[in-house]
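Visitor: The structure follows.
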Amino acid sequence: MSARLRDDGEHGHLPLTVTDRLLSLHARKVKHAFHAQFTVVARIARPAPSRAEGERLIREAAERAPVLRYRLAGRAWRSRFEPDPRFHPARHVELVHAPPGRTAEQCLQEALDRPLPADRPLWDLQLVHGYAPDEHIMCLRMEHTMCDGVGGLLILAAFLAPQNVPFPSPQPRPGFPPFRVVRRTLPALLQGLRLPARWLPAKPSRRHGLTCHDFALDMTLYQGIKDRTGATTAQISTAVLAGALRAWAPRHWGSPLLRRQRHGLRTGMTLNIRHPLHPSVLGNHVGVLPLALPCHESDPLRRLEQVMARADQREKDDFRRLCQYINTLAPLPAWLLSRTVRWLTPLLPHNIGVTMMRSPHNRPVLHGVPLSLNGPVVLRPALGVVGFVAFRDTVTVTLTFEHVPPADVDRLARLLPHALAELHDRTCGTD
């Protein structure tokens with residue numbers, strides 16, 4: 001253990017953010033462990049490494065990313081992150097031998113569903129082998145209480161490349177936002193009181209569990225749209241999602257259009273609310289920008305223009321300041337707020353969530369195999385989350401839906417590339 005970590009041992013306690021507390025409550029209630037985890041998975045066409053090799057990989061990653069040594073401790077409002085005095089790489093690697101005849105998907109499902117021990121840092125590396133000759137599955141799991149998507153990408157870089165991750169540090173607590181910021185954010189918050197649009201193609205049912213899909217979109221199409229419109233990757237992704245959802249349930253958006261449908265589809269887009277001078281990756285530094293997806297608009301270009309008008313930089317900055325203040329509340333108010341939100345959200349109408357992340361690198365690969373990143377955390381009142389990760393060479397999409405028929409999720413996965421091509425043709429086609 002590094003000297004710095006020993007020196008920080010007595011004072012290395014970090015408070016949980018409001019989002020950390022919400023995700024911790026969620027993790028205690030889920031039926032399956034992987035419903036509350038951020039996972040990185042790769043099927044690698046070579047024999048599995050030995051336990052000693054796995055421990056060496058973890059030891060080197062923990063040196064580059066001290067965040068991996070932190071565990072969750074305490075109860076109720078006294079919950080906190082602290083260095084684990086018993087941290088050892090052997091406690092975080094598991095070599096799983098699967099009996100022959102099992103499919104890779106079955107082996108992966110069983111690996112993901114093993115609970116993470118609560119008395120140590122909430123992550124592990126599983127190496128699954130035996131189901132086929134000369135192939136194994138590498139699965140890195142982290143409970144979402146420990147990190148958000150951006151933090152997970154940075155931690156992943158510590159495993160795949162000699163890249164150091166900032167030492168965990170508390171976020172500075174900002175003052176209450178100025179009145180002008182609150183005044184500008186109030187209309188978007190009040191829109192949440194209106195009757196939401198209908199959006200599901202079928203009624204949700206508890207007989208359908210969690211359904212996940214991940215695939216990639218063509219970055220060249222994004223670039224063409226950007227060059228013509230000046231839109232950001234996040235704005236284009238949001239407009240594309242609106243078009244796909246319109247085609248997913250066309251009867252909800254046809255003529256005559258009901259008044260509630262003209263309000264658009266209510267959602268929340270994630271915002272990175274880390275302080276720029278304190279880029280700690282421990283915990284969840286995420287806010288939400290309320291947004292109405294313009295699924296009622298038939299023209300792809302008009303959908304993009306409406307998204308650009310509603311998700312402009314000033315509005316993002318306003319909500320970022322508001323969310324930074326709320327997320328860094330003192331422990332007791334943060335605990336009370338998280339409990340209140342957890343109690344209220346099941347009473348709200350169902351909606352859909354949207355997450356956006358940006359990486360300055362290409363999509364990560366291991367031994368030439370692209371890694372699959374997944375974070376199947378669906379928090380009420382959402383029944384589904386659509387996640388976009390913008391790499392330099394591609395945009396990956398993850399669909400995670402709960403209680404929705406898998407066939408409907410499959411159809412939405414097919415509609416998203418079509419909606420992107422439709423928007424590209426509308427903006428970049430011949431005049």
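Chains: A, B, ... in order of the structure tokens. Residues: from 1 per chain. Ligands: from 1, in order shown.
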Would you please give, as JSON, numbers by chain, all residues of range 83-241 of chain A that DSSP assigns to helix (DSSP H, G or I) based on the backbone?

Guide: {"A": [89, 90, 91, 92, 104, 105, 106, 107, 108, 109, 110, 111, 112, 149, 150, 151, 152, 153, 154, 155, 156, 157, 158, 159, 160, 179, 180, 181, 182, 183, 184, 185, 186, 187, 188, 189, 190, 191, 192, 193, 219, 220, 221, 222, 223, 224, 225, 226, 227, 228, 229, 233, 234, 235, 236, 237, 238, 239, 240, 241]}

Visitor: At a cut-off of 9 Å, using only C-alpha atoms, what residues contact Pro162 in chain A? Leave out same-chain residues fewer than 3 positions from it and give the result as a list in words.

Guide: Glu60, Ala61, Arg64, Ala157, Ala158 and Phe159 of chain A

Visitor: Please provide as JSON, numbers by chain all residues within 8 Å of range 394-404 of chain A, with the sequence filter that same-chain residues fewer than 2 positions apart are discarded (counting only C-alpha atoms).

Guide: {"A": [202, 203, 204, 205, 206, 207, 208, 209, 210, 211, 212, 213, 214, 215, 216, 217, 218, 219, 362, 363, 374, 376, 377, 378, 383, 384, 385, 386, 387, 388, 389, 390, 391, 392, 406, 408, 409, 413]}

Visitor: If we count only C-alpha atoms and set the cut-off at 10 Å, which residues sit around range 99-102 of chain A, ignoring sequence neighbours fewer than 3 positions away in its own chain? Please answer as a PyMOL selection string.

Guide: chain A and resi 96+105-107+129-133

Visitor: Fewer than 2 positions away in the same chain doesn't count, so skip those; otherwise give me all residues within 9 Å of Leu156 in chain A, counting only C-alpha atoms, as a list in words.

Guide: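 So the residues in contact are Val40, Ala61, Leu140, Gly151, Gly152, Leu153, Leu154, Ala158, Phe159, Leu160, Ala161 and Pro364 of chain A.
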
Visitor: For the selection just defined, write its residues with N, CA and C atoms to a file, as a PDB file, in the first residue's frame.

Guide:
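Output saved as result.pdb:
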ATOM      1  N   VAL A  40     -17.892  -4.639 -17.628  1.00  0.00           N
ATOM      2  CA  VAL A  40     -17.097  -4.655 -18.853  1.00  0.00           C
ATOM      3  C   VAL A  40     -16.829  -6.115 -19.187  1.00  0.00           C
ATOM      4  N   ALA A  61      -3.208  -2.366 -11.522  1.00  0.00           N
ATOM      5  CA  ALA A  61      -4.313  -1.422 -11.707  1.00  0.00           C
ATOM      6  C   ALA A  61      -4.572  -0.631 -10.430  1.00  0.00           C
ATOM      7  N   LEU A 140     -15.234  -7.655 -15.745  1.00  0.00           N
ATOM      8  CA  LEU A 140     -14.917  -6.704 -14.681  1.00  0.00           C
ATOM      9  C   LEU A 140     -16.219  -6.092 -14.200  1.00  0.00           C
ATOM     10  N   GLY A 151     -16.488   7.617 -14.512  1.00  0.00           N
ATOM     11  CA  GLY A 151     -15.506   7.027 -13.598  1.00  0.00           C
ATOM     12  C   GLY A 151     -15.162   5.605 -13.990  1.00  0.00           C
ATOM     13  N   GLY A 152     -16.182   4.835 -14.424  1.00  0.00           N
ATOM     14  CA  GLY A 152     -15.925   3.468 -14.848  1.00  0.00           C
ATOM     15  C   GLY A 152     -14.997   3.395 -16.049  1.00  0.00           C
ATOM     16  N   LEU A 153     -15.155   4.323 -17.000  1.00  0.00           N
ATOM     17  CA  LEU A 153     -14.258   4.352 -18.158  1.00  0.00           C
ATOM     18  C   LEU A 153     -12.829   4.663 -17.740  1.00  0.00           C
ATOM     19  N   LEU A 154     -12.661   5.578 -16.790  1.00  0.00           N
ATOM     20  CA  LEU A 154     -11.318   5.919 -16.327  1.00  0.00           C
ATOM     21  C   LEU A 154     -10.676   4.757 -15.562  1.00  0.00           C
ATOM     22  N   ALA A 158      -7.163   2.122 -16.342  1.00  0.00           N
ATOM     23  CA  ALA A 158      -6.089   1.685 -15.441  1.00  0.00           C
ATOM     24  C   ALA A 158      -5.793   0.196 -15.604  1.00  0.00           C
ATOM     25  N   PHE A 159      -6.792  -0.577 -16.053  1.00  0.00           N
ATOM     26  CA  PHE A 159      -6.583  -1.998 -16.294  1.00  0.00           C
ATOM     27  C   PHE A 159      -5.942  -2.262 -17.652  1.00  0.00           C
ATOM     28  N   LEU A 160      -6.321  -1.483 -18.664  1.00  0.00           N
ATOM     29  CA  LEU A 160      -5.904  -1.780 -20.034  1.00  0.00           C
ATOM     30  C   LEU A 160      -4.651  -1.041 -20.464  1.00  0.00           C
ATOM     31  N   ALA A 161      -4.322   0.059 -19.791  1.00  0.00           N
ATOM     32  CA  ALA A 161      -3.183   0.871 -20.220  1.00  0.00           C
ATOM     33  C   ALA A 161      -2.534   1.485 -18.980  1.00  0.00           C
ATOM     34  N   PRO A 364     -12.473   0.872 -26.423  1.00  0.00           N
ATOM     35  CA  PRO A 364     -11.433  -0.007 -25.872  1.00  0.00           C
ATOM     36  C   PRO A 364     -11.530  -1.422 -26.420  1.00  0.00           C
TER      37      PRO A 364
END

Visitor: Need to verify the contact set: range 328-336 of chain A, 6 Å, only C-alpha atoms, exclusion of same-chain residues closer than 6 positions in sequence. Can you return it as a CSV table (one decimal) with C-alpha atoms, in the first residue's frame?

Guide:
chain,number,residue,atom,x,y,z
A,17,THR,CA,-23.3,12.0,-2.8
A,18,VAL,CA,-27.0,12.0,-3.0
A,77,TRP,CA,-26.5,8.9,7.1
A,173,ARG,CA,-19.4,22.1,-2.0
